[in-house]
Each structure stands twice: as structure tokens, then as C-alpha cells.
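*Asks:* data.cif (mmCIF, C-alpha atoms) pasted underneath:
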```cif
data_entry
loop_
_atom_site.label_atom_id
_atom_site.label_comp_id
_atom_site.auth_asym_id
_atom_site.auth_seq_id
_atom_site.Cartn_x
_atom_site.Cartn_y
_atom_site.Cartn_z
CA MET A 184 0.00 0.00 0.00
CA ASN A 185 1.46 3.38 -0.97
CA ARG A 186 1.40 6.54 1.19
CA ASP A 187 -1.46 8.10 -0.80
CA THR A 188 -3.67 5.02 -0.48
CA PHE A 189 -2.90 5.00 3.26
CA TRP A 190 -4.08 8.61 3.68
CA LEU A 191 -7.15 7.86 1.59
CA LEU A 192 -8.02 5.06 4.03
CA ILE A 193 -7.40 7.34 7.05
CA TYR A 194 -9.71 9.90 5.46
CA LEU A 195 -12.42 7.26 4.92
CA ALA A 196 -12.15 6.16 8.57
CA ALA A 197 -12.47 9.80 9.73
CA VAL A 198 -15.54 10.30 7.54
CA LEU A 199 -17.17 7.19 8.99
CA ALA A 200 -16.40 8.36 12.54
CA GLY A 201 -17.77 11.82 11.77
CA THR A 202 -21.11 10.43 10.65
CA LEU A 203 -21.41 8.21 13.74
CA VAL A 204 -21.03 11.20 16.09
CA HIS A 205 -24.19 13.20 16.76
CA ASP A 206 -22.93 15.56 19.44
CA PRO A 207 -22.11 19.06 18.16
CA LEU A 208 -19.45 19.37 20.88
CA TRP A 209 -17.47 16.42 19.52
CA LEU A 210 -17.81 17.67 15.97
CA GLY A 211 -16.67 21.10 17.10
CA ALA A 212 -13.63 19.48 18.73
CA ALA A 213 -12.93 17.56 15.50
CA TRP A 214 -13.09 20.86 13.60
CA LEU A 215 -10.59 22.40 16.00
CA VAL A 216 -8.15 19.49 15.74
CA CYS A 217 -8.30 19.53 11.93
CA LEU A 218 -7.77 23.29 11.78
CA LEU A 219 -4.73 22.97 14.04
CA LEU A 220 -3.27 20.07 12.05
CA ALA A 221 -3.93 21.61 8.63
CA GLY A 222 -1.03 24.02 9.09
CA PRO A 223 -0.53 27.17 7.04
CA GLN A 224 -3.13 26.18 4.45
CA ARG A 225 -5.94 26.12 7.03
CA LEU A 226 -7.37 29.51 6.08
CA ARG A 227 -7.37 28.72 2.35
CA LEU A 228 -9.10 25.38 3.04
CA LEU A 229 -11.59 27.03 5.36
CA ARG A 230 -12.48 29.69 2.80
CA LYS A 231 -12.84 27.03 0.10
CA THR A 232 -15.05 24.92 2.40
CA LEU A 233 -17.34 27.80 3.26
CA ALA A 234 -17.64 28.81 -0.40
CA ALA A 235 -18.52 25.22 -1.37
CA ILE A 236 -21.22 24.62 1.25
CA VAL A 237 -22.74 28.01 1.93
CA LEU A 238 -25.40 27.86 -0.79
CA PHE A 239 -26.54 24.29 -0.06
CA ASN A 240 -26.45 24.58 3.69
CA LEU A 241 -28.23 27.90 3.68
CA THR A 242 -30.96 26.45 1.44
CA VAL A 243 -31.48 23.40 3.66
CA SER A 244 -31.13 25.35 6.91
CA VAL A 245 -33.62 28.02 5.91
CA GLY A 246 -35.98 25.33 4.57
CA TYR A 247 -35.73 23.45 7.87
CA LEU A 248 -36.22 26.65 9.86
CA ILE A 249 -39.44 27.42 8.02
CA VAL A 250 -40.88 23.89 7.95
CA ALA A 251 -39.87 22.91 11.50
CA SER A 252 -41.09 26.22 12.94
CA ALA A 253 -44.44 25.77 11.22
CA GLN A 254 -44.68 22.23 12.64
CA HIS A 255 -43.40 23.34 16.08
CA THR A 256 -40.56 20.78 15.89
CA PHE A 257 -37.63 23.16 15.47
CA ALA A 258 -34.37 22.06 17.13
CA GLY A 259 -31.44 24.47 17.07
CA ALA A 260 -29.05 21.65 18.00
CA TYR A 261 -29.92 19.86 14.75
CA LEU A 262 -29.04 22.92 12.66
CA LEU A 263 -25.72 23.23 14.49
CA LEU A 264 -25.01 19.50 14.12
CA VAL A 265 -25.77 19.26 10.40
CA ASN A 266 -23.85 22.41 9.51
CA LEU A 267 -20.82 21.39 11.57
CA ARG A 268 -20.87 17.91 10.04
CA VAL A 269 -21.29 18.98 6.42
CA GLY A 270 -18.61 21.63 6.83
CA TRP A 271 -16.18 19.25 8.51
CA LEU A 272 -16.65 16.53 5.86
CA THR A 273 -16.09 19.06 3.10
CA PHE A 274 -13.00 20.45 4.85
CA LEU A 275 -11.62 16.91 5.17
CA ALA A 276 -12.21 16.28 1.45
CA PHE A 277 -10.36 19.47 0.45
CA TRP A 278 -7.58 18.70 2.89
CA LEU A 279 -7.19 15.21 1.43
CA ALA A 280 -7.20 16.57 -2.13
CA SER A 281 -4.48 19.06 -1.23
CA ARG A 282 -2.20 16.41 0.33
CA VAL A 283 -2.82 13.28 -1.71
CA HIS A 284 -2.04 12.43 -5.31
CA LEU A 285 -5.43 10.98 -6.27
CA PRO A 286 -4.40 8.75 -9.20
CA ARG A 287 -1.68 7.22 -6.99
CA ALA A 288 -4.18 6.72 -4.17
CA LEU A 289 -6.40 4.86 -6.65
CA ALA A 290 -3.53 2.65 -7.81
CA PHE A 291 -5.65 -0.41 -6.94
CA ALA A 292 -8.02 0.50 -9.83
CA PRO A 293 -5.66 1.42 -12.74
CA ASN A 294 -8.36 2.07 -15.35
CA LEU A 295 -10.21 4.43 -13.01
CA ALA A 296 -6.97 6.23 -12.11
CA ARG A 297 -6.07 6.68 -15.80
CA LEU A 298 -9.57 7.79 -16.69
CA LEU A 299 -9.51 10.37 -13.88
CA THR A 300 -6.14 11.70 -14.98
CA VAL A 301 -7.17 12.19 -18.58
CA ALA A 302 -10.65 13.44 -17.63
CA TYR A 303 -9.22 16.04 -15.25
CA ALA A 304 -6.82 17.33 -17.89
CA MET A 305 -9.68 17.37 -20.37
CA THR A 306 -11.94 19.27 -18.01
CA LEU A 307 -9.42 22.09 -17.76
CA ARG A 308 -8.91 22.07 -21.53
CA LEU A 309 -12.68 22.04 -22.23
CA LEU A 310 -13.24 25.02 -19.97
CA ARG A 311 -10.44 26.91 -21.73
CA LEU A 312 -11.71 25.98 -25.20
CA HIS A 313 -15.19 27.09 -24.25
CA GLN A 314 -13.82 30.44 -23.07
CA ASP A 315 -11.73 30.82 -26.26
CA HIS A 316 -14.75 30.09 -28.42
CA LYS A 317 -16.89 32.59 -26.55
CA LEU A 318 -14.29 35.34 -26.94
CA ALA A 319 -13.74 34.51 -30.62
CA GLN A 320 -17.48 34.66 -31.23
CA ARG A 321 -17.74 38.02 -29.44
CA SER A 322 -14.86 39.50 -31.40
CA ARG A 323 -16.39 38.51 -34.75
CA THR A 324 -19.88 39.90 -34.28
CA LEU A 325 -20.82 43.58 -34.23
CA ALA A 326 -24.51 43.33 -33.33
CA PRO A 327 -25.86 40.90 -30.71
CA PRO A 328 -26.74 37.60 -32.47
CA THR A 329 -30.35 36.46 -32.89
CA LEU A 330 -31.58 33.34 -31.07
CA GLN A 331 -31.24 31.27 -34.25
CA GLU A 332 -27.68 32.51 -34.74
CA ARG A 333 -26.89 31.77 -31.11
CA ILE A 334 -28.14 28.19 -31.46
CA ALA A 335 -26.12 27.72 -34.66
CA MET A 336 -23.01 29.19 -32.98
CA SER A 337 -23.45 26.97 -29.92
CA ALA A 338 -23.82 23.85 -32.08
CA ALA A 339 -20.71 24.79 -34.09
CA GLY A 340 -18.87 25.60 -30.88
CA ALA A 341 -19.83 22.28 -29.28
CA GLY A 342 -18.65 20.37 -32.36
CA HIS A 343 -15.39 22.33 -32.40
CA VAL A 344 -14.78 21.80 -28.69
CA LEU A 345 -15.56 18.08 -29.04
CA ASP A 346 -13.10 17.66 -31.94
CA ARG A 347 -10.31 19.70 -30.36
CA ALA A 348 -10.70 17.96 -27.02
CA THR A 349 -10.76 14.52 -28.68
CA HIS A 350 -7.49 15.23 -30.44
CA ALA A 351 -6.01 16.52 -27.21
CA ALA A 352 -7.22 13.44 -25.32
CA THR A 353 -5.69 11.16 -27.96
CA GLU A 354 -2.39 13.00 -27.53
CA VAL A 355 -2.54 12.62 -23.74
CA THR A 356 -3.34 8.92 -24.04
CA GLN A 357 -0.47 8.36 -26.47
CA ALA A 358 1.85 10.32 -24.19
CA MET A 359 0.76 8.18 -21.23
CA ARG A 360 1.31 5.02 -23.27
CA SER A 361 4.73 6.12 -24.52
CA ARG A 362 5.78 6.76 -20.91
CA GLY A 363 4.80 3.24 -19.95
CA LEU A 364 1.70 4.08 -17.89
CA PHE A 365 -0.26 1.26 -19.52
CA GLU A 366 2.49 -1.32 -19.09
CA GLY A 367 0.94 -2.88 -15.99
CA ASN A 368 -2.26 -3.41 -17.93
CA GLN A 369 -0.89 -5.60 -20.70
CA PRO A 370 -2.90 -8.78 -21.29
CA MET B 255 -28.91 16.56 -8.80
CA HIS B 256 -26.48 14.78 -6.58
CA ILE B 257 -26.71 14.67 -2.80
CA PRO B 258 -24.14 16.69 -0.82
CA ASP B 259 -21.91 15.15 1.86
CA GLY B 260 -23.23 14.78 5.39
CA PHE B 261 -26.95 14.33 4.68
CA ILE B 262 -26.98 10.54 4.41
CA ALA B 263 -26.90 8.31 7.51
CA PRO B 264 -24.38 5.46 7.77
CA GLN B 265 -27.36 3.07 8.01
CA MET B 266 -27.90 3.89 4.34
CA TYR B 267 -24.51 4.83 2.89
CA LEU B 268 -22.69 1.74 4.24
CA PRO B 269 -25.08 -0.77 2.58
CA ALA B 270 -25.05 1.48 -0.50
CA TYR B 271 -21.26 1.14 -0.59
CA GLY B 272 -21.70 -2.63 -0.50
CA LEU B 273 -24.07 -2.50 -3.45
CA ALA B 274 -21.95 0.00 -5.34
CA ALA B 275 -18.80 -2.06 -4.72
CA VAL B 276 -20.43 -4.98 -6.52
CA ALA B 277 -21.42 -2.71 -9.42
CA TRP B 278 -17.95 -1.09 -9.56
CA GLY B 279 -16.34 -4.55 -9.42
CA VAL B 280 -18.39 -5.77 -12.36
CA ALA B 281 -17.72 -2.51 -14.26
CA VAL B 282 -13.96 -2.69 -13.69
CA ARG B 283 -13.88 -6.35 -14.73
CA ARG B 284 -15.89 -5.68 -17.88
CA ALA B 285 -13.91 -2.59 -18.81
CA GLY B 286 -10.82 -4.45 -17.64
CA GLY B 287 -7.85 -5.68 -19.52
CA ARG B 288 -6.67 -2.96 -21.78
CA MET B 289 -8.99 -0.17 -22.88
CA ALA B 290 -8.70 0.42 -26.61
CA ASP B 291 -6.55 3.42 -27.58
CA GLU B 292 -9.52 5.29 -28.99
CA THR B 293 -11.96 4.40 -26.18
CA LEU B 294 -10.08 6.02 -23.31
CA PRO B 295 -9.76 9.50 -24.88
CA ARG B 296 -13.36 9.50 -26.10
CA LEU B 297 -14.61 8.38 -22.71
CA ALA B 298 -12.36 10.97 -21.06
CA VAL B 299 -13.73 13.74 -23.28
CA LEU B 300 -17.32 12.92 -22.44
CA THR B 301 -16.42 12.39 -18.78
CA ALA B 302 -14.91 15.88 -18.79
CA ALA B 303 -18.03 17.24 -20.52
CA THR B 304 -20.13 15.52 -17.85
CA PHE B 305 -17.95 17.11 -15.17
CA VAL B 306 -18.49 20.55 -16.67
CA LEU B 307 -22.25 19.99 -17.03
CA MET B 308 -22.60 18.74 -13.47
CA THR B 309 -20.57 21.62 -12.08
CA VAL B 310 -23.14 24.21 -13.14
CA MET B 311 -25.75 23.49 -10.46
CA ILE B 312 -28.54 25.30 -8.67
CA PRO B 313 -29.38 24.17 -5.11
CA LEU B 314 -32.94 23.07 -4.33
CA PRO B 315 -34.75 23.40 -1.00
CA GLY B 316 -35.20 19.61 -1.08
CA GLY B 317 -31.51 19.20 -0.23
CA THR B 318 -30.07 18.55 -3.64
CA SER B 319 -29.44 20.56 -6.80
CA ILE B 320 -30.43 20.74 -10.46
CA HIS B 321 -27.96 20.41 -13.29
CA LEU B 322 -27.53 18.62 -16.58
CA SER B 323 -25.55 15.38 -16.51
CA GLY B 324 -24.89 13.80 -19.91
CA ALA B 325 -25.00 10.35 -18.29
CA ALA B 326 -27.56 9.05 -20.78
CA LEU B 327 -25.29 10.06 -23.65
CA LEU B 328 -22.37 8.20 -22.07
CA ALA B 329 -24.57 5.11 -21.76
CA LEU B 330 -25.73 5.32 -25.39
CA ILE B 331 -22.16 5.55 -26.66
CA PHE B 332 -20.05 3.57 -24.22
CA GLY B 333 -22.52 1.25 -22.47
CA LEU B 334 -23.50 1.04 -18.82
CA THR B 335 -20.29 -0.22 -17.26
CA ASN B 336 -18.12 2.54 -18.71
CA THR B 337 -20.81 5.07 -17.78
CA LEU B 338 -20.78 3.92 -14.17
CA LEU B 339 -16.98 4.25 -14.01
CA ALA B 340 -17.02 7.65 -15.71
CA ILE B 341 -19.78 9.08 -13.51
CA THR B 342 -18.08 7.68 -10.41
CA GLY B 343 -14.89 9.44 -11.49
CA VAL B 344 -16.76 12.69 -12.05
CA LEU B 345 -18.45 12.47 -8.65
CA LEU B 346 -15.16 11.66 -6.95
CA LEU B 347 -13.41 14.62 -8.59
CA GLN B 348 -16.31 16.93 -7.81
CA GLY B 349 -16.41 15.82 -4.19
CA LEU B 350 -12.68 16.20 -3.63
CA LEU B 351 -11.97 19.25 -5.77
CA LEU B 352 -15.17 21.27 -5.51
CA GLY B 353 -16.87 19.94 -2.37
CA ALA B 354 -19.94 19.05 -4.45
CA GLY B 355 -21.40 15.68 -3.52
CA GLY B 356 -18.92 13.85 -1.35
CA ILE B 357 -17.68 10.55 -0.10
CA THR B 358 -20.70 9.59 2.06
CA ALA B 359 -23.08 10.33 -0.80
CA LEU B 360 -20.83 8.81 -3.47
CA PRO B 361 -22.38 5.31 -3.71
CA LEU B 362 -25.96 6.60 -3.85
CA ASN B 363 -25.07 9.31 -6.35
CA ALA B 364 -23.09 6.85 -8.46
CA LEU B 365 -25.81 4.20 -8.43
CA ALA B 366 -28.57 6.68 -9.26
CA LEU B 367 -26.74 8.96 -11.72
CA GLY B 368 -24.32 6.43 -13.18
CA LEU B 369 -26.33 3.23 -13.25
CA ALA B 370 -30.08 3.33 -12.62
CA GLY B 371 -30.76 6.53 -14.56
CA PRO B 372 -28.65 5.64 -17.59
CA ALA B 373 -30.00 2.05 -17.55
CA ALA B 374 -33.55 3.38 -17.76
CA GLY B 375 -32.47 5.83 -20.47
CA LEU B 376 -30.77 3.09 -22.44
CA ALA B 377 -33.89 0.90 -22.22
CA VAL B 378 -36.06 3.75 -23.52
CA PHE B 379 -33.58 4.41 -26.33
CA LYS B 380 -33.62 0.78 -27.43
CA LEU B 381 -37.40 0.76 -27.31
CA LEU B 382 -37.84 3.92 -29.40
CA ARG B 383 -34.78 3.76 -31.66
CA SER B 384 -36.56 2.07 -34.55
CA TRP B 385 -39.23 4.81 -34.51
CA HIS B 386 -36.93 7.87 -34.48
CA GLU B 387 -33.32 7.86 -33.31
CA GLY B 388 -33.11 11.56 -32.39
CA TRP B 389 -36.30 11.52 -30.34
CA ALA B 390 -35.25 8.23 -28.76
CA ALA B 391 -31.95 9.80 -27.61
CA GLY B 392 -33.85 12.83 -26.29
CA ALA B 393 -36.32 10.64 -24.40
CA ALA B 394 -33.39 8.65 -22.99
CA GLY B 395 -31.90 11.87 -21.58
CA TRP B 396 -35.19 12.94 -20.01
CA VAL B 397 -35.91 9.51 -18.50
CA SER B 398 -32.34 9.08 -17.25
CA ILE B 399 -32.24 12.30 -15.27
CA ASN B 400 -35.76 11.84 -13.87
CA VAL B 401 -35.21 8.26 -12.72
CA ALA B 402 -32.00 9.35 -10.98
CA ALA B 403 -33.80 12.30 -9.36
CA ALA B 404 -36.62 10.06 -8.10
CA LEU B 405 -34.14 7.61 -6.53
CA LEU B 406 -32.13 10.36 -4.86
CA ALA B 407 -35.33 11.97 -3.56
CA LEU B 408 -36.30 8.59 -2.10
CA ALA B 409 -32.87 8.20 -0.46
CA LEU B 410 -33.09 11.68 1.09
CA GLY B 411 -36.75 11.44 2.02
CA VAL B 412 -36.30 8.35 4.20
CA GLN B 413 -33.44 9.89 6.24
CA PRO B 414 -35.69 11.33 9.00
CA LEU B 415 -37.23 7.86 9.38
CA ILE B 416 -33.98 5.93 9.68
CA ALA B 417 -31.83 8.47 11.54
CA HIS B 418 -33.36 10.55 14.37
CA ASP B 419 -32.67 11.15 18.04
CA ALA B 420 -34.79 10.09 21.02
CA ALA B 421 -36.93 13.21 20.69
CA GLY B 422 -37.60 12.46 17.04
CA HIS B 423 -35.39 15.24 15.67
CA PRO B 424 -33.53 14.37 12.47
CA LEU B 425 -29.79 13.64 12.58
CA PHE B 426 -29.00 13.92 8.88
CA PHE B 427 -31.45 15.13 6.23
CA PRO B 428 -34.43 16.89 7.82
CA PHE B 429 -37.23 16.58 5.26
CA GLY B 430 -39.44 13.55 4.66
CA LEU B 431 -40.60 12.22 1.32
CA ALA B 432 -43.65 14.51 1.24
CA ILE B 433 -41.31 17.52 0.91
CA ALA B 434 -38.15 16.03 -0.61
CA TRP B 435 -39.75 14.18 -3.52
CA PRO B 436 -41.75 17.03 -5.13
CA ALA B 437 -38.99 19.55 -4.33
CA ILE B 438 -36.52 17.44 -6.27
CA GLN B 439 -38.66 15.80 -8.92
CA ILE B 440 -40.68 18.73 -10.23
CA PRO B 441 -37.70 20.89 -11.31
CA HIS B 442 -36.16 17.82 -12.94
CA LEU B 443 -39.23 17.29 -15.12
CA LEU B 444 -38.20 20.60 -16.73
CA VAL B 445 -34.42 20.14 -16.54
CA GLY B 446 -35.00 16.78 -18.23
CA ILE B 447 -36.09 18.62 -21.37
CA GLY B 448 -32.69 20.35 -21.51
CA GLU B 449 -30.99 17.02 -20.83
CA GLY B 450 -33.03 15.43 -23.63
CA VAL B 451 -32.07 18.15 -26.13
CA LEU B 452 -28.42 17.87 -25.07
CA THR B 453 -28.44 14.07 -25.37
CA ALA B 454 -30.10 14.13 -28.80
CA THR B 455 -27.74 16.85 -30.11
CA LEU B 456 -24.54 15.26 -28.85
CA TRP B 457 -25.75 11.84 -29.98
CA GLN B 458 -26.02 13.20 -33.53
CA MET B 459 -22.54 14.74 -33.26
CA ALA B 460 -21.08 11.50 -31.94
CA LYS B 461 -22.79 9.61 -34.75
CA VAL B 462 -21.34 11.91 -37.42
CA ARG B 463 -17.89 11.27 -35.91
CA GLY B 464 -18.45 7.52 -36.01
CA TRP B 465 -18.37 7.01 -32.23
CA THR B 466 -21.67 5.17 -32.05
CA VAL B 467 -22.36 1.52 -32.65
#
```
Mind converting the file's structure to C-alpha cells?

*Replies:*
Amino acid sequence: MNRDTFWLLIYLAAVLAGTLVHDPLWLGAAWLVCLLLAGPQRLRLLRKTLAAIVLFNLTVSVGYLIVASAQHTFAGAYLLLVNLRVGWLTFLAFWLASRVHLPRALAFAPNLARLLTVAYAMTLRLLRLHQDHKLAQRSRTLAPPTLQERIAMSAAGAGHVLDRATHAATEVTQAMRSRGLFEGNQP
Amino acid sequence: MHIPDGFIAPQMYLPAYGLAAVAWGVAVRRAGGRMADETLPRLAVLTAATFVLMTVMIPLPGGTSIHLSGAALLALIFGLTNTLLAITGVLLLQGLLLGAGGITALPLNALALGLAGPAAGLAVFKLLRSWHEGWAAGAAGWVSINVAAALLALALGVQPLIAHDAAGHPLFFPFGLAIAWPAIQIPHLLVGIGEGVLTATLWQMAKVRGWTV
């Protein structure tokens, strides 16, 4: 077992423990320990965590506040518990992602690790291609396009992005193969 | 429409992991050996597209979110096992990189979005393909996303029943089926139209490029 797989397993154990604890005090203590151990990146991870959960948690919390108040079943401890838990689990996930090399951690499933590697690279490339296409389209049109033109442009853009990304993915795959990443998978 | 981390009780996510492990095992074995040179990049491209589609999400009061998925398209082109692996990869990346979804919700999200939904979509596609391929692909997209939404609504809606304290207060997700199901399903009836159009359009593009069987 490599170091990354080991930390992945530790993370999984912590997640399980966190969902078996229903006392906000214990979850608060777990938060504190993690913040202390996270080192200098704690503030960045905390900001990222809050940004990731704020919309969902606010939606559920406000929904619960309204429904439970109307039914006279409101429990403040529940709101504290669920927000602490969701936040802590998300913090742990970001912490893991910042410390562990995911494809190496998934070494036990080589196809999944390879797929994730190529897919992640492709995601970044797709987002960039999409942005390029949008800017190119804007720079070539004087008046705002009609709906029909917009649909035609989107279809052309999607086809272009698909082709460019496919070529890029083929290159990545060939590069991975030439560097021997598929060697362990030979029949 | 995947479930965020921390809303599913271990009483549900642990058995779900057992079930998903079987499905992942079968998928890995079937995909196993050596993926063809052209399959991996194509699958990666559509996995990346799925990642991008799933990243643009709007939260719902029912405890989940609405977004397009592209899972039906993956199933139509690459089959169910590759779809399950691809969607699992997307969910894993989203959970770890963006904090969307998460490890406790992973098996339920993967089974609903990567297996049950696309399986239903694929069945509809096969049923309607001889009538009109484009409409069949569109219907597959709509059915896929709605079946997945219904299953996730069910998983969330039973949480107050299976995980509550002595006073009856919820410990994980607070809303029962009466709230969770309509809150999740109704928006997806509309989002499904977008998913259907997307599936039909990309299916045609994939066909022109010779990706389809």
C-alpha cells in the first residue's frame, strides 16, 4: 500500500467516525483538531469549504427553519449539528485533495486512475476551449446575435470543442502510453 | 442533482457502498484488460463534458441541486459499465476538488446517476430507436435524469425515518418524502427537457464522428 492510499483510508475512517457522532461538541472538537493540524493552508481550506457549502447549507437550513417552525418541531441543536458535520466533511475532502495524489491513491483500480487523470486534464482544456470560443465569437460579431444565430453558434462551438478535445485526449493517451503508464495493464 | 456530503446516515450509505462495490467490481472487470486506444480519450472527453455539465448546479430546498448530466449520452455511446466508471470518477473529482457531492453520498449518487438513470435511459432508447433515433436519444436523456432524481429523492426522504434522536429530531437530512420528492422531482421534469435536447444533439454529433455503434 502506498502513502497516498494509506491517507485515503485514514480519510475514509475519519468520515465514517464523523457520521457516527451526533454531538455538536465532539464535531466542534474535531473541527478544531483539523484546523490545528492543517497548518498554514488552514485559512485557504476554510475559505474554500465555506464557499462550497454556503449555498446548499443555507438552502437546507432556511428550509428546515421554516418547515420545523411551522410544525413546532424546530431544534437548534440539529441545525448546528448538520452544519458542523457537512462543513467538517467538506473540509476533510479538500484537505485530502491538497495532500494526496489521487491517481496514486487509486492505484488499486488502474483504469479508473487513468480515466480520472485524462478526464481532469480534459476538463481544464474544455473550460479553456469554451472560453476561447466565446471570446472569438464576441470579437467577430458587431450586433448581438439572434436566437437562431446563437443556437447555430453553440452547435458549431460544441462540435469544435468536441473535436479539439478529442485530439487533445488522444495526444494525452499516447503520451501516457509512450511513458509506460499502460504497461501494468498488458494482457 | 447529486446529494451533498453529510446528509446521508451510515445506516444507508454503508449498505449502499456494498451494493456499489459490486457494481464497480463488475464494471472494472468488464472494462478491464486494456482499454482500446480510442476508447479512453473519447470516454475521457465525455467524462470531462459531464464534469463541466454537473458543475453548473442550482441548489434546491429539497436538499439537492439541479444540473444537466450527460449520463444518458455516455450510456448510449459507451454502455452502462463505462458510464458507471465515468460518472463515479466525475463524482469523486467533484467531491474532492469542488466539495460538491462527497464521499458519504458517493455510492448513492453513483448508483442513481451512473447506473439506474442511464439504464432506464438506455432501455427507452432501445425501445424507441426504430421509430426515431433523435427523439429516442432525447427521451433517454429525459428519463435518465428523472429516474435518478426520483431515486435520490427517495434516499433523502427516508433519512428522517432511519436516523433521528430520542426526541424524534432528524440527525441527517431533515425533510421527509412529502417535501423532498416534489422539491426534487418537479424541477427535474423541466431540466429533463434540456438534458433530452443535449443528449439528442450530442448523440447526432457522436454519430457523425463515427463514435456510435

*Asks:* For each of A:Gln331, A:Ser361, A:Gln254, A:Thr232, take the minimum atom-to-atom distance to chain B, counting all atoms listed in the file, then give the residue where this is smallest.

*Replies:*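 Selected residue with least distance to chain B: A:Thr232.
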
*Asks:* Rank nothing, just name the residue among B:Gly422, B:Gly324, B:Gly392, B:Pro372 nearest to chain A, using all atoms listed in the file.

*Replies:*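 Between B:Gly422, B:Gly324, B:Gly392, B:Pro372, the residue approaching chain A most closely is B:Gly422.
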
*Asks:* With only C-alpha atoms as the basis for distance, which of B:Trp385, B:Tyr271, B:Trp457, B:Phe305 is at the shortest distance from chain A?

*Replies:*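 Distance minimum relative to chain A lands on B:Phe305.
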
*Asks:* Can you give me, as a list in words, the residues this file yields under the PyMOL selection byres ((chain A and resi 281) around 12)?

*Replies:*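 Checked against the file, the PyMOL selection byres ((chain A and resi 281) around 12) matches Asp187, Trp190, Leu191, Ala221, Gly222, Gln224, Arg225, Arg227, Leu228, Lys231, Phe274, Leu275, Ala276, Phe277, Trp278, Leu279, Ala280, Arg282, Val283, His284 and Leu285 of chain A; Leu350, Leu351 and Leu352 of chain B.
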
*Asks:* Could you expand the PyMOL selection byres ((chain B and resi 400-409) around 9) into the explicit residues it covers here, written as a PyMOL selection string?

*Replies:* chain B and resi 255-257+262+266+316-318+362-363+365-372+374-375+395-399+410-413+430-431+434-439+442-443+445-446

*Asks:* Quote the spacing between atom CA of Ser252 of chain A and atom CA of Ile433 of chain B in Å to one decimal place.

*Replies:*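 One can read the atom CA of Ser252 of chain A to atom CA of Ile433 of chain B distance as 14.8 Å.
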